[in-house]
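The file query10.cif comes next; it holds mmCIF, C-alpha atoms.
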data_protein
loop_
_atom_site.label_atom_id
_atom_site.label_comp_id
_atom_site.auth_asym_id
_atom_site.auth_seq_id
_atom_site.Cartn_x
_atom_site.Cartn_y
_atom_site.Cartn_z
CA THR A 73 97.82 103.52 89.16
CA GLY A 74 96.76 103.92 92.79
CA THR A 75 93.03 104.30 92.14
CA GLY A 76 91.87 101.15 93.94
CA LYS A 77 91.42 98.68 91.05
CA THR A 78 92.48 95.75 93.22
CA GLU A 79 89.92 96.45 95.95
CA SER A 80 87.24 97.15 93.32
CA VAL A 81 87.73 93.62 92.03
CA LEU A 82 88.35 91.77 95.30
CA ILE A 83 85.58 93.17 97.52
CA PRO A 84 82.76 91.82 95.27
CA ILE A 85 84.59 88.47 95.03
CA PHE A 86 84.81 88.34 98.85
CA ASN A 87 81.07 89.08 98.97
CA PHE A 88 80.32 86.17 96.61
CA TRP A 89 82.67 83.95 98.65
CA ILE A 90 80.76 84.71 101.88
CA LYS A 91 77.48 83.77 100.20
CA LYS A 92 78.74 80.55 98.57
CA LYS A 93 81.45 79.45 101.04
CA PRO A 94 83.08 77.18 98.39
CA GLN A 95 85.77 74.65 99.24
CA PRO A 96 89.42 75.72 98.84
CA ILE A 97 91.09 76.67 96.53
CA SER A 98 88.30 78.99 95.36
CA ILE A 99 90.19 82.20 94.42
CA LEU A 100 93.42 82.58 92.43
CA TYR A 101 95.21 85.94 92.26
CA ILE A 102 97.94 85.91 89.58
CA THR A 103 100.65 88.57 89.36
CA PRO A 104 103.91 88.74 87.36
CA LEU A 105 106.17 89.69 90.30
CA LYS A 106 107.17 87.99 93.56
CA ALA A 107 107.46 91.38 95.31
CA LEU A 108 103.92 92.24 94.22
CA ASN A 109 102.74 88.88 95.57
CA ARG A 110 104.15 89.76 98.99
CA ASP A 111 102.59 93.21 98.85
CA MET A 112 99.20 91.70 97.94
CA LEU A 113 99.50 89.21 100.83
CA ASP A 114 99.83 92.14 103.25
CA ARG A 115 96.82 93.90 101.75
CA ILE A 116 94.56 90.83 101.50
CA SER A 117 95.47 89.46 104.96
CA TRP A 118 93.51 92.29 106.60
CA TRP A 119 90.37 91.25 104.70
CA ALA A 120 91.05 87.55 105.37
CA GLN A 121 91.12 88.13 109.14
CA LYS A 122 87.89 90.16 109.06
CA LEU A 123 85.98 87.79 106.77
CA GLY A 124 87.31 84.43 107.93
CA PHE A 125 89.11 82.99 104.91
CA GLY A 126 92.70 81.79 104.46
CA VAL A 127 95.25 83.31 102.09
CA SER A 128 98.65 81.98 100.92
CA VAL A 129 101.44 83.01 98.55
CA ARG A 130 102.87 80.47 96.12
CA HIS A 131 105.86 81.58 94.03
CA GLY A 132 109.57 80.93 93.48
CA ASP A 133 110.48 82.04 97.01
CA THR A 134 108.06 79.58 98.68
CA THR A 135 109.99 76.95 100.68
CA GLN A 136 109.55 73.18 100.22
CA ARG A 137 108.01 72.94 103.70
CA GLU A 138 105.41 75.61 102.84
CA ARG A 139 104.64 73.91 99.52
CA LYS A 140 104.01 70.58 101.27
CA LEU A 141 101.66 72.20 103.79
CA GLN A 142 99.83 74.04 101.00
CA SER A 143 99.28 70.84 99.02
CA GLU A 144 97.77 69.11 102.07
CA HIS A 145 95.83 71.99 103.68
CA PRO A 146 95.36 74.73 101.10
CA ASP A 147 93.90 78.15 101.88
CA ASP A 148 90.86 79.64 100.15
CA LEU A 149 92.82 82.25 98.21
CA PHE A 150 96.19 81.72 96.53
CA ILE A 151 98.38 84.57 95.32
CA THR A 152 100.70 83.16 92.68
CA THR A 153 102.64 83.70 89.44
CA PRO A 154 101.83 82.27 85.96
CA GLU A 155 104.68 79.75 86.28
CA GLN A 156 103.60 78.50 89.70
CA MET A 157 100.00 78.18 88.57
CA GLN A 158 101.16 75.74 85.89
CA ALA A 159 103.18 73.79 88.47
CA MET A 160 100.11 73.58 90.72
CA ILE A 161 98.05 72.10 87.86
CA THR A 162 100.57 69.27 87.45
CA GLY A 163 100.42 68.31 91.14
CA LYS A 164 98.11 65.36 91.84
CA LYS A 165 96.79 66.76 95.16
CA PHE A 166 96.61 70.34 93.94
CA ARG A 167 94.56 69.36 90.89
CA GLU A 168 91.79 68.12 93.17
CA PHE A 169 91.70 71.43 95.04
CA LEU A 170 91.87 73.47 91.83
CA LYS A 171 88.55 71.92 90.77
CA ASN A 172 86.98 74.33 93.29
CA VAL A 173 88.26 77.55 91.67
CA ASN A 174 85.43 80.05 91.15
CA TRP A 175 87.33 83.28 90.53
CA ILE A 176 90.68 84.12 88.88
CA VAL A 177 92.23 87.60 88.93
CA VAL A 178 95.08 88.38 86.52
CA ASP A 179 96.86 91.51 87.76
CA GLU A 180 99.09 93.76 85.62
CA ALA A 181 97.74 92.13 82.45
CA HIS A 182 99.75 94.45 80.15
CA GLU A 183 102.96 92.91 81.50
CA LEU A 184 101.89 89.43 80.33
CA VAL A 185 99.97 89.75 77.06
CA ASP A 186 102.98 90.54 74.86
CA SER A 187 105.36 87.88 76.17
CA LYS A 188 106.02 84.13 76.37
CA ARG A 189 104.80 84.28 79.97
CA GLY A 190 101.45 85.47 78.64
CA VAL A 191 101.25 82.55 76.22
CA GLN A 192 102.03 80.18 79.11
CA LEU A 193 99.33 81.86 81.20
CA THR A 194 96.61 81.49 78.56
CA LEU A 195 97.47 77.78 78.16
CA ALA A 196 97.35 77.32 81.94
CA LEU A 197 93.95 79.09 82.11
CA GLU A 198 92.54 76.77 79.44
CA ARG A 199 93.88 73.72 81.30
CA LEU A 200 92.37 75.08 84.51
CA LYS A 201 88.97 75.49 82.85
CA ILE A 202 89.01 71.76 82.03
CA LEU A 203 89.33 71.10 85.77
CA CYS A 204 86.93 73.65 87.26
CA GLY A 205 84.45 74.50 84.49
CA SER A 206 83.83 78.19 83.89
CA PRO A 207 85.46 80.37 86.56
CA GLN A 208 85.03 84.12 86.36
CA ILE A 209 88.30 85.62 85.10
CA ILE A 210 89.07 89.29 85.71
CA ALA A 211 92.14 91.06 84.30
CA LEU A 212 93.51 94.33 85.69
CA SER A 213 95.80 96.98 84.23
CA ALA A 214 96.46 100.68 84.63
CA THR A 215 98.38 100.98 81.37
CA VAL A 216 97.10 98.46 78.81
CA GLY A 217 96.93 100.26 75.45
CA SER A 218 94.53 97.96 73.58
CA PRO A 219 91.94 96.51 76.00
CA GLU A 220 90.10 94.60 73.23
CA GLN A 221 93.24 92.82 72.07
CA ALA A 222 94.35 92.04 75.62
CA ALA A 223 90.90 90.64 76.46
CA LYS A 224 90.80 88.41 73.37
CA PHE A 225 94.29 87.15 74.18
CA LEU A 226 93.46 86.28 77.79
CA PHE A 227 89.85 85.10 77.53
CA ASN A 228 90.08 83.19 74.24
CA ASN A 229 86.55 82.73 72.83
CA ALA A 230 84.71 83.47 76.07
CA GLU A 231 82.43 86.50 76.31
CA PHE A 232 83.98 89.47 78.08
CA GLN A 233 83.20 93.00 79.18
CA ILE A 234 85.65 95.90 79.35
CA VAL A 235 85.28 98.25 82.32
CA ASN A 236 87.17 101.45 81.53
CA SER A 237 87.26 103.59 84.66
CA VAL A 238 86.59 107.29 84.25
CA GLY A 239 89.29 109.80 85.11
CA LEU A 240 93.00 110.16 84.44
CA LYS A 241 95.93 109.76 86.79
CA GLU A 242 97.92 113.00 86.95
CA LEU A 243 101.59 112.44 86.13
CA ASP A 244 104.36 115.03 86.32
CA ILE A 245 107.38 113.71 84.42
CA LYS A 246 110.47 115.82 83.80
CA VAL A 247 113.68 115.05 81.93
CA GLU A 248 116.95 116.46 83.29
CA SER A 249 120.46 116.21 81.91
CA PRO A 250 122.77 118.17 84.23
CA ALA A 251 126.00 119.70 82.93
CA PRO A 252 129.27 119.12 84.84
CA SER A 253 130.48 121.91 87.11
CA LYS A 254 133.94 122.71 88.48
CA GLU A 255 132.96 120.90 91.71
CA ASP A 256 131.99 117.80 89.70
CA ARG A 257 135.42 117.75 88.02
CA GLU A 258 137.15 117.88 91.39
CA ILE A 259 135.00 115.02 92.76
CA ALA A 260 135.58 113.01 89.56
CA ASP A 261 139.35 113.21 90.08
CA LYS A 262 139.02 112.05 93.70
CA ILE A 263 136.78 109.01 93.12
CA PHE A 264 138.04 108.11 89.61
CA ILE A 265 134.68 108.47 87.80
CA GLY A 266 133.92 110.57 84.69
CA GLU A 267 132.70 114.10 85.39
CA ALA A 268 129.48 113.53 83.39
CA VAL A 269 128.62 110.58 85.66
CA VAL A 270 129.49 112.57 88.79
CA CYS A 271 127.14 115.43 87.86
CA ARG A 272 124.29 112.95 87.33
CA LEU A 273 125.08 111.33 90.70
CA ARG A 274 125.12 114.75 92.35
CA LYS A 275 121.72 115.57 90.82
CA ILE A 276 120.23 112.26 92.02
CA HIS A 277 121.72 112.88 95.49
CA GLU A 278 120.20 116.40 95.60
CA LEU A 279 116.77 115.07 94.61
CA MET A 280 116.99 112.35 97.28
CA GLN A 281 117.76 114.92 99.99
CA LYS A 282 114.70 117.02 99.11
CA ALA A 283 112.22 114.14 98.99
CA ARG A 284 110.71 112.09 101.82
CA SER A 285 111.10 108.69 100.14
CA VAL A 286 112.60 107.98 96.70
CA LEU A 287 112.44 104.93 94.42
CA VAL A 288 115.20 104.91 91.78
CA PHE A 289 114.78 102.70 88.71
CA THR A 290 117.49 101.45 86.38
CA ASN A 291 117.05 99.33 83.26
CA THR A 292 119.41 96.51 84.30
CA ARG A 293 120.58 94.77 87.47
CA GLU A 294 124.19 95.72 86.67
CA ALA A 295 123.22 99.41 86.43
CA ALA A 296 121.42 99.21 89.79
CA GLU A 297 124.51 97.75 91.49
CA VAL A 298 126.89 100.24 89.84
CA LEU A 299 124.66 103.22 90.72
CA SER A 300 124.45 102.03 94.34
CA SER A 301 128.23 101.58 94.56
CA ARG A 302 128.91 105.03 93.10
CA LEU A 303 126.37 106.68 95.42
CA ARG A 304 128.16 105.07 98.38
CA SER A 305 131.48 106.53 97.24
CA PHE A 306 129.66 109.86 96.85
CA ASP A 307 127.88 109.75 100.24
CA LYS A 308 128.75 106.95 102.69
CA ASP A 309 125.90 107.92 105.04
CA LEU A 310 123.09 107.66 102.46
CA ALA A 311 120.57 105.08 103.74
CA HIS A 312 119.77 103.03 100.64
CA GLU A 313 119.73 99.46 99.31
CA VAL A 314 119.38 97.61 96.00
CA HIS A 315 116.46 95.41 94.91
CA HIS A 316 116.49 93.05 91.91
CA SER A 317 115.67 89.44 91.05
CA SER A 318 119.25 88.13 91.35
CA LEU A 319 119.43 88.96 95.06
CA SER A 320 118.46 86.38 97.69
CA LYS A 321 114.89 86.14 98.95
CA GLU A 322 116.00 87.37 102.39
CA SER A 323 117.74 90.45 100.94
CA ARG A 324 114.73 91.41 98.83
CA ILE A 325 112.21 90.94 101.65
CA SER A 326 114.42 92.88 104.08
CA ALA A 327 114.83 95.78 101.63
CA GLU A 328 111.08 95.91 100.91
CA LYS A 329 110.24 95.91 104.61
CA LYS A 330 112.80 98.57 105.60
CA PHE A 331 111.70 100.80 102.72
CA LYS A 332 108.03 100.53 103.66
CA GLU A 333 108.89 101.31 107.28
CA GLU A 334 110.94 104.34 106.08
CA LYS A 335 114.15 102.97 107.61
CA LEU A 336 115.61 103.44 104.14
CA LYS A 337 115.27 106.75 102.33
CA THR A 338 116.02 105.25 98.93
CA LEU A 339 115.68 101.92 97.14
CA ILE A 340 117.41 101.36 93.80
CA ALA A 341 115.48 98.79 91.78
CA THR A 342 114.91 97.27 88.36
CA SER A 343 111.53 96.11 87.03
CA SER A 344 111.30 93.96 90.20
CA LEU A 345 109.39 96.78 91.95
CA GLN A 346 107.66 98.64 89.14
CA LEU A 347 104.22 96.98 89.28
CA GLY A 348 101.38 97.53 91.73
CA ILE A 349 103.50 97.93 94.88
CA ASP A 350 101.77 100.23 97.36
CA ILE A 351 104.29 102.28 99.39
CA GLY A 352 102.42 105.43 100.28
CA SER A 353 105.47 107.36 101.51
CA ILE A 354 107.11 107.53 98.05
CA ASP A 355 106.88 111.11 96.77
CA LEU A 356 109.40 110.89 93.93
CA VAL A 357 110.52 108.31 91.37
CA ILE A 358 113.83 108.76 89.59
CA GLN A 359 114.48 106.90 86.34
CA TYR A 360 118.20 106.61 85.56
CA GLN A 361 118.53 106.88 81.75
CA SER A 362 115.71 106.41 79.24
CA PRO A 363 112.99 103.97 80.35
CA ARG A 364 112.75 102.73 76.71
CA GLU A 365 108.94 102.36 76.81
CA VAL A 366 105.99 104.60 77.72
CA SER A 367 104.26 101.87 79.75
CA GLN A 368 107.48 101.37 81.77
CA ILE A 369 107.67 105.00 82.90
CA VAL A 370 103.92 105.20 83.62
CA GLN A 371 104.12 102.12 85.87
CA ARG A 372 107.34 103.24 87.55
CA VAL A 373 106.32 106.86 88.19
CA GLY A 374 102.95 105.50 89.37
CA ARG A 375 104.70 104.18 92.50
CA ALA A 376 104.98 107.82 93.67
CA GLY A 377 101.82 109.51 94.90
CA HIS A 378 100.13 106.09 94.86
CA GLY A 379 96.59 107.09 95.75
CA VAL A 380 93.41 108.69 94.46
CA GLY A 381 93.82 112.41 93.74
CA ARG A 382 97.60 112.42 94.30
CA VAL A 383 100.07 113.52 91.63
CA SER A 384 102.78 111.05 90.64
CA ASN A 385 106.12 112.85 90.28
CA GLY A 386 108.96 111.41 88.24
CA ILE A 387 112.29 112.65 86.92
CA ILE A 388 114.28 110.96 84.15
CA ILE A 389 118.02 111.60 84.52
CA ALA A 390 119.28 111.38 80.93
CA GLY A 391 122.85 111.18 79.68
CA GLU A 392 123.99 111.38 76.07
CA ALA A 393 122.11 113.16 73.26
CA ASP A 394 120.25 110.01 72.07
CA ASP A 395 119.23 109.22 75.64
CA ILE A 396 117.89 112.77 76.11
CA PHE A 397 115.89 112.71 72.86
CA GLU A 398 114.34 109.31 73.60
CA SER A 399 113.52 110.30 77.20
CA VAL A 400 111.85 113.53 76.12
CA VAL A 401 109.71 111.78 73.50
CA ILE A 402 108.62 109.12 76.04
CA ALA A 403 107.88 111.76 78.71
#

As structure tokens, please, write out the structure in this file.
Amino acid sequence: TGTGKTESVLIPIFNFWIKKKPQPISILYITPLKALNRDMLDRISWWAQKLGFGVSVRHGDTTQRERKLQSEHPDDLFITTPEQMQAMITGKKFREFLKNVNWIVVDEAHELVDSKRGVQLTLALERLKILCGSPQIIALSATVGSPEQAAKFLFNNAEFQIVNSVGLKELDIKVESPAPSKEDREIADKIFIGEAVVCRLRKIHELMQKARSVLVFTNTREAAEVLSSRLRSFDKDLAHEVHHSSLSKESRISAEKKFKEEKLKTLIATSSLQLGIDIGSIDLVIQYQSPREVSQIVQRVGRAGHGVGRVSNGIIIAGEADDIFESVVIA
């Protein structure tokens, strides 16, 4: 994470685009998350302005007005999700433009290859090949465990090459399970929460105060909302918000923007922010309870210290004995 895979892939594609100047839509960039799509739009827009091509986002948050404009005057590069790519193929106008696709980038491939979304994506890619011939398809991942299997899944019978970058990302992951103190018992009585929960809240609050910018991950949307509510009862002045897929588009975009601009010290999120997001100010990731999977914690902690040569720091706040054991094994 944070080594520049995206730019390594896109800069050569932009070079080919300048030489060929194909008709739109010539480049598709597919990611699993709407928040990652928005982040990629910010990053690619700089290149688009310098090199003279158009870039658009097409996902579940795209308005009907934007969709209509896109189908009539599409940009050269589309950032989209697997589901929206399938919807584009079914559109009569879009199909004509998709015949011009030369390059397809599948980002965060590990997130797709073991799910129904991945199956949908491979079907959509095969349907797309019928339209545009043989586009170059490039898949990216920082955490895929079996590159050969992932490549065969995504590329079907086509020839492929695996580029395994040299060097390891340095991760520092700790597991902490604080014990309740006398102070925690007093607070628990005041705010009507168990003392074990209060001591974990206090620990999270302490870690937030020491760090510049903190991203807190929970495993469910309900846990994110509950944690936020309890932190507010613990510290009313703590500048933080919640981010998950059930919130409105406006709420999510506002939270992302304020967090990037450091108007918020903390964002409590689910998997909606764990992939590819580049927020350079994050110096600590807190995982509330076991992350369940190794790839989950690698991706989540990778949001901290997101850059070449930087260490990604993460702390798992574990609860009961089973949670502690599982967290330690994963770490």

**Study point:** Residue among A:Ser367, A:Ser237, A:Asn229, A:Gln192 lying closest to Gln158 in chain A, counting all atoms listed in the file
**Key:**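 Selected residue with least distance to Gln158 in chain A: A:Gln192.
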
Practice item. Quick one: pull the distance between CA of Thr153 in chain A and CA of Leu184 in chain A, Å, one decimal. Key: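 Separation of CA of Thr153 in chain A and CA of Leu184 in chain A: 10.8 Å.
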
Exercise for review: Have a look at A:Leu226, A:Ile389, A:Ala214, A:Leu123 and name the one nearest to Val177 in chain A; count all atoms listed in the file.
Suggested key: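 Once distances to Val177 in chain A are computed over all atoms listed in the file, the minimum belongs to A:Leu226.
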
**Study point:** Residues selected by the PyMOL selection byres ((chain A and resi 152) around 12), written as a PyMOL selection string
**Key:** chain A and resi 99-113+127-134+149-151+153-160+176-179+193

Practice item. Using all atoms listed in the file, determine which residues lie at most 7 Å from range 198-208 of chain A, disregarding the query and same-chain residues fewer than 6 positions distant; provide the list as a PyMOL selection string. Key: chain A and resi 170-176

Exercise for review: Would you work out the distance separating CA of Arg139 in chain A from CA of Phe166 in chain A, expressed in Å to one decimal?
Suggested key: 10.4 Å

Point to revise | Explicit residues for the PyMOL selection byres ((chain A and resi 254-265) around 9) (as a list of chain:residue names) | key: A:Pro252, A:Ser253, A:Gly266, A:Glu267, A:Ala268, A:Val269, A:Val270, A:Cys271, A:Arg274, A:Arg302, A:Ser305, A:Phe306

Practice item. Give me, please, the distance in Å between CA of Met280 in chain A and CA of Lys330 in chain A, quoted to one decimal. Key: 16.6 Å

Point to revise | Answer key for the PyMOL selection byres ((chain A and resi 390) around 12), residues as number ranges by chain | key: A: 246-251, 268-269, 271-273, 275-276, 290, 358-364, 387-389, 391-400, 402-403

Practice item. Excluding Asp148 in chain A and any residue of its chain fewer than 6 positions from it, enumerate the residues within 8 Å of it, using only C-alpha atoms, and give them as a PyMOL selection string. Key: chain A and resi 95-99+125-127

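Closest to Gln221 in chain A among A:Lys93, A:Arg293, A:His182, A:Arg115 is A:His182, based on all atoms listed in the file.
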
Only C-alpha atoms, please: range 365-401 of chain A from the block, as a PDB file, in the first residue's frame.
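Written file, out10.pdb:
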ATOM      1  CA  GLU A 365      -8.991 -11.433   8.120  1.00  0.00           C
ATOM      2  CA  VAL A 366      -5.299 -10.698   7.500  1.00  0.00           C
ATOM      3  CA  SER A 367      -5.994  -8.895   4.203  1.00  0.00           C
ATOM      4  CA  GLN A 368      -8.518  -6.643   5.998  1.00  0.00           C
ATOM      5  CA  ILE A 369      -6.005  -5.387   8.565  1.00  0.00           C
ATOM      6  CA  VAL A 370      -3.227  -4.966   5.965  1.00  0.00           C
ATOM      7  CA  GLN A 371      -5.492  -2.809   3.790  1.00  0.00           C
ATOM      8  CA  ARG A 372      -6.873  -0.838   6.738  1.00  0.00           C
ATOM      9  CA  VAL A 373      -3.542  -0.171   8.469  1.00  0.00           C
ATOM     10  CA  GLY A 374      -2.130   0.687   5.024  1.00  0.00           C
ATOM     11  CA  ARG A 375      -4.192   3.910   5.110  1.00  0.00           C
ATOM     12  CA  ALA A 376      -1.724   5.213   7.743  1.00  0.00           C
ATOM     13  CA  GLY A 377       1.723   6.233   6.560  1.00  0.00           C
ATOM     14  CA  HIS A 378       0.437   5.947   2.983  1.00  0.00           C
ATOM     15  CA  GLY A 379       3.648   6.577   1.071  1.00  0.00           C
ATOM     16  CA  VAL A 380       6.963   5.084   0.023  1.00  0.00           C
ATOM     17  CA  GLY A 381       9.322   4.509   2.950  1.00  0.00           C
ATOM     18  CA  ARG A 382       6.728   5.372   5.615  1.00  0.00           C
ATOM     19  CA  VAL A 383       5.703   2.950   8.363  1.00  0.00           C
ATOM     20  CA  SER A 384       2.009   2.105   8.662  1.00  0.00           C
ATOM     21  CA  ASN A 385       0.975   2.078  12.327  1.00  0.00           C
ATOM     22  CA  GLY A 386      -2.110   0.234  13.514  1.00  0.00           C
ATOM     23  CA  ILE A 387      -3.578  -0.776  16.867  1.00  0.00           C
ATOM     24  CA  ILE A 388      -6.269  -3.416  17.332  1.00  0.00           C
ATOM     25  CA  ILE A 389      -8.400  -2.730  20.420  1.00  0.00           C
ATOM     26  CA  ALA A 390      -9.556  -6.204  21.449  1.00  0.00           C
ATOM     27  CA  GLY A 391     -12.225  -7.168  23.963  1.00  0.00           C
ATOM     28  CA  GLU A 392     -12.998 -10.663  25.205  1.00  0.00           C
ATOM     29  CA  ALA A 393     -10.514 -13.566  25.324  1.00  0.00           C
ATOM     30  CA  ASP A 394     -11.524 -14.998  21.904  1.00  0.00           C
ATOM     31  CA  ASP A 395     -11.250 -11.548  20.338  1.00  0.00           C
ATOM     32  CA  ILE A 396      -7.761 -11.081  21.811  1.00  0.00           C
ATOM     33  CA  PHE A 397      -6.522 -14.484  20.599  1.00  0.00           C
ATOM     34  CA  GLU A 398      -7.864 -13.976  17.068  1.00  0.00           C
ATOM     35  CA  SER A 399      -6.461 -10.427  16.883  1.00  0.00           C
ATOM     36  CA  VAL A 400      -3.008 -11.537  18.021  1.00  0.00           C
ATOM     37  CA  VAL A 401      -2.877 -14.378  15.480  1.00  0.00           C
TER      38      VAL A 401
END
